[in-house]
Amino acid sequence: MEELVESLSNSVCVSAEETDVFLLHPRYAQYKAKHSNSSQEERRRQWLQNQKEKRLKLFNIHRGIGNIGKVVEKMEFEISKKHSKGYLNILFQKTFYKGVPSYKDWIMLSEWLVDIPENFQEEWTCTICPEGKRVLVVAEKGSTCAYSRRGDFLMKFPSALPGGYGKGSNGCTVVDCIWHYPTKTFYLLDVLIWGVPLTDCEAEMRFFWICNKFVELPALMERSPTNRHRILLLHHEPISQLRQMLSVHPAFENNFPKVDGILFYHKESLYTGGKSPLVTWLKPFMIPHFLGIEVAEPYLLEKPLNYPEKPISEVGNKQMETEISNVQLTNKDCSSNKKTNHKENESIKMS
């Protein structure tokens, strides 16, 4: 029932923006969705600037530890203000919040990749994502729970994550995963807390951290009484490796699960709840049109029926170029005809 409600909420997008991944990609859509006043690239620059300012403010707050009451009060006000916009400071909630916290809007969501970023090769990473349900996995006080992106409770189970099994289990772990129900497997995408909060760390640092911690816990990859579901790590690679990654099919064993798409992360992006222009998304069949990278033939065959052969804007631009060239040829013909007529008139006058 919960999955039915979520699918209905995803399909009914009354005020969705054009970069919403639940809609057709704006370059393929034949209609105009709600349009942002600024380009995606401009919003990325603004987002990065806001991140720098936020970190500087937090640094200054931590330096002024003389008046703890005002610091906590200020943080509480900022969190309540940001929560209404879909953001959440996890360190504050875990430290000061009494009772069971709400996990709504904790997961960082992506936008369609519309504007190719500047320095894309140097400043971004990519990862191939399997089909599945995006979930937040929380391990603490000896048990592990999974929550939907809306914060709904999904399941409780033992896991080998720190804090995830046993009464004497210490620590707290919060990770961003993709749950593939048929294989009962969690694919670990990102980390929010692993003993310490990591949401204010850059993506490159978070990925480095989780890779090192994951190697220390091989029990995560096997099913056992203390680890009911397998937890596998998704690797984030440089953009330069994308061609090689998509030249191989299937990406997952026996093509199960299938590839859902590719996530692109800006290396300096912090983990913030809600949609972020610093995390973007493309389907494999879109890669040749947008990035000029060839992919394995099976990825092109997996294109949904509701997508046209090529992006609408690409077709439109080619048509426009053809029309312009036709106009230019027509103008040249007209000018040559005028010159010919002028020469004929001159010759008549001379005779």
# chains A, B, ... in the order shown; residues from 1 in each chain; ligands from 1

call {"tool": "residues_around", "arguments": {"residues": "Thr226 in chain A", "least_positions_apart": "6", "cutoff": "10 Å", "atoms": "only C-alpha atoms", "output": "MDAnalysis selection string"}}
result
chainID A and resid 157:161 164:166 219:220

call {"tool": "residues_around", "arguments": {"residues": "Met286 in chain A", "least_positions_apart": "5", "cutoff": "12 Å", "atoms": "only C-alpha atoms", "output": "list of chain:residue names"}}
result
A:Leu24, A:His25, A:Arg27, A:Tyr28, A:Trp112, A:Leu113, A:Val114, A:Leu246, A:Asp260, A:Gly261, A:Ile262, A:Trp281, A:Leu291, A:Gly292, A:Ile293, A:Glu294, A:Val295, A:Tyr299, A:Leu300, A:Leu301, A:Glu302, A:Lys303, A:Pro304, A:Tyr307, A:Pro308, A:Glu309, A:Lys310, A:Pro311

call {"tool": "residues_around", "arguments": {"residues": "Pro298 in chain A", "least_positions_apart": "6", "cutoff": "12 Å", "atoms": "only C-alpha atoms", "output": "compact mmCIF listing (two decimals) with N, CA, C and O atoms, in the first residue's frame"}}
result
# COMPACT_ATOMS: atom_id res chain seq x y z
N LEU A 246 30.04 2.45 -19.11
CA LEU A 246 28.82 2.20 -19.90
C LEU A 246 29.07 1.37 -21.15
O LEU A 246 28.14 1.05 -21.87
N SER A 247 30.33 1.06 -21.42
CA SER A 247 30.63 0.18 -22.55
C SER A 247 30.42 -1.28 -22.18
O SER A 247 30.41 -2.16 -23.04
N VAL A 248 30.26 -1.54 -20.88
CA VAL A 248 30.06 -2.90 -20.38
C VAL A 248 28.59 -3.10 -20.02
O VAL A 248 27.98 -2.26 -19.34
N HIS A 249 28.01 -4.16 -20.50
CA HIS A 249 26.62 -4.51 -20.17
C HIS A 249 26.54 -6.02 -19.97
O HIS A 249 27.07 -6.78 -20.78
N PRO A 250 25.94 -6.47 -18.86
CA PRO A 250 25.26 -5.68 -17.83
C PRO A 250 26.22 -5.13 -16.79
O PRO A 250 27.31 -5.69 -16.60
N ALA A 251 25.79 -4.07 -16.12
CA ALA A 251 26.61 -3.48 -15.06
C ALA A 251 26.54 -4.32 -13.79
O ALA A 251 27.51 -4.38 -13.03
N ASN A 255 22.36 -8.87 -15.20
CA ASN A 255 21.47 -7.73 -15.44
C ASN A 255 20.31 -7.70 -14.45
O ASN A 255 19.17 -7.34 -14.78
N LYS A 258 18.51 -4.26 -13.05
CA LYS A 258 18.86 -3.47 -14.22
C LYS A 258 19.38 -2.10 -13.79
O LYS A 258 19.15 -1.66 -12.66
N VAL A 259 20.08 -1.44 -14.70
CA VAL A 259 20.55 -0.08 -14.42
C VAL A 259 19.38 0.89 -14.56
O VAL A 259 18.66 0.87 -15.58
N PRO A 284 20.77 6.01 -19.05
CA PRO A 284 21.89 5.59 -19.93
C PRO A 284 21.69 5.95 -21.40
O PRO A 284 22.64 6.34 -22.08
N PHE A 285 20.44 5.84 -21.91
CA PHE A 285 20.22 6.11 -23.33
C PHE A 285 20.36 7.59 -23.67
O PHE A 285 20.45 7.96 -24.84

call {"tool": "closest_residue", "arguments": {"among": "A:Ser276, A:Ser224, A:Thr183, A:Asn306", "to": "Gln46 in chain A", "atoms": "only C-alpha atoms"}}
result
A:Ser276

call {"tool": "closest_residue", "arguments": {"among": "A:Leu263, A:Val191, A:Leu305, A:Met245", "to": "Lys283 in chain A", "atoms": "only C-alpha atoms"}}
result
A:Leu263

call {"tool": "select_by_dssp", "arguments": {"residues": "range 183-307 of chain A", "states": "strand (DSSP E)", "output": "PyMOL selection string"}}
result
chain A and resi 185-194+196-197+230-233+237-238+259-266+274-282

call {"tool": "atom_distance", "arguments": {"atom1": "CA of Met205 in chain A", "atom2": "CA of Glu268 in chain A"}}
result
8.7 Å

call {"tool": "closest_residue", "arguments": {"among": "A:Lys156, A:Arg228, A:Lys267, A:Lys184", "to": "Lys133 in chain A", "atoms": "only C-alpha atoms"}}
result
A:Lys184

call {"tool": "residues_around", "arguments": {"residues": "Lys141 in chain A", "least_positions_apart": "4", "cutoff": "10 Å", "atoms": "only C-alpha atoms", "output": "list in words"}}
result
Pro162, Gly163, Gly164, Tyr165, Gly166, Lys167, Gly168, Ser169, Asn170, Gly171 and Cys172 of chain A
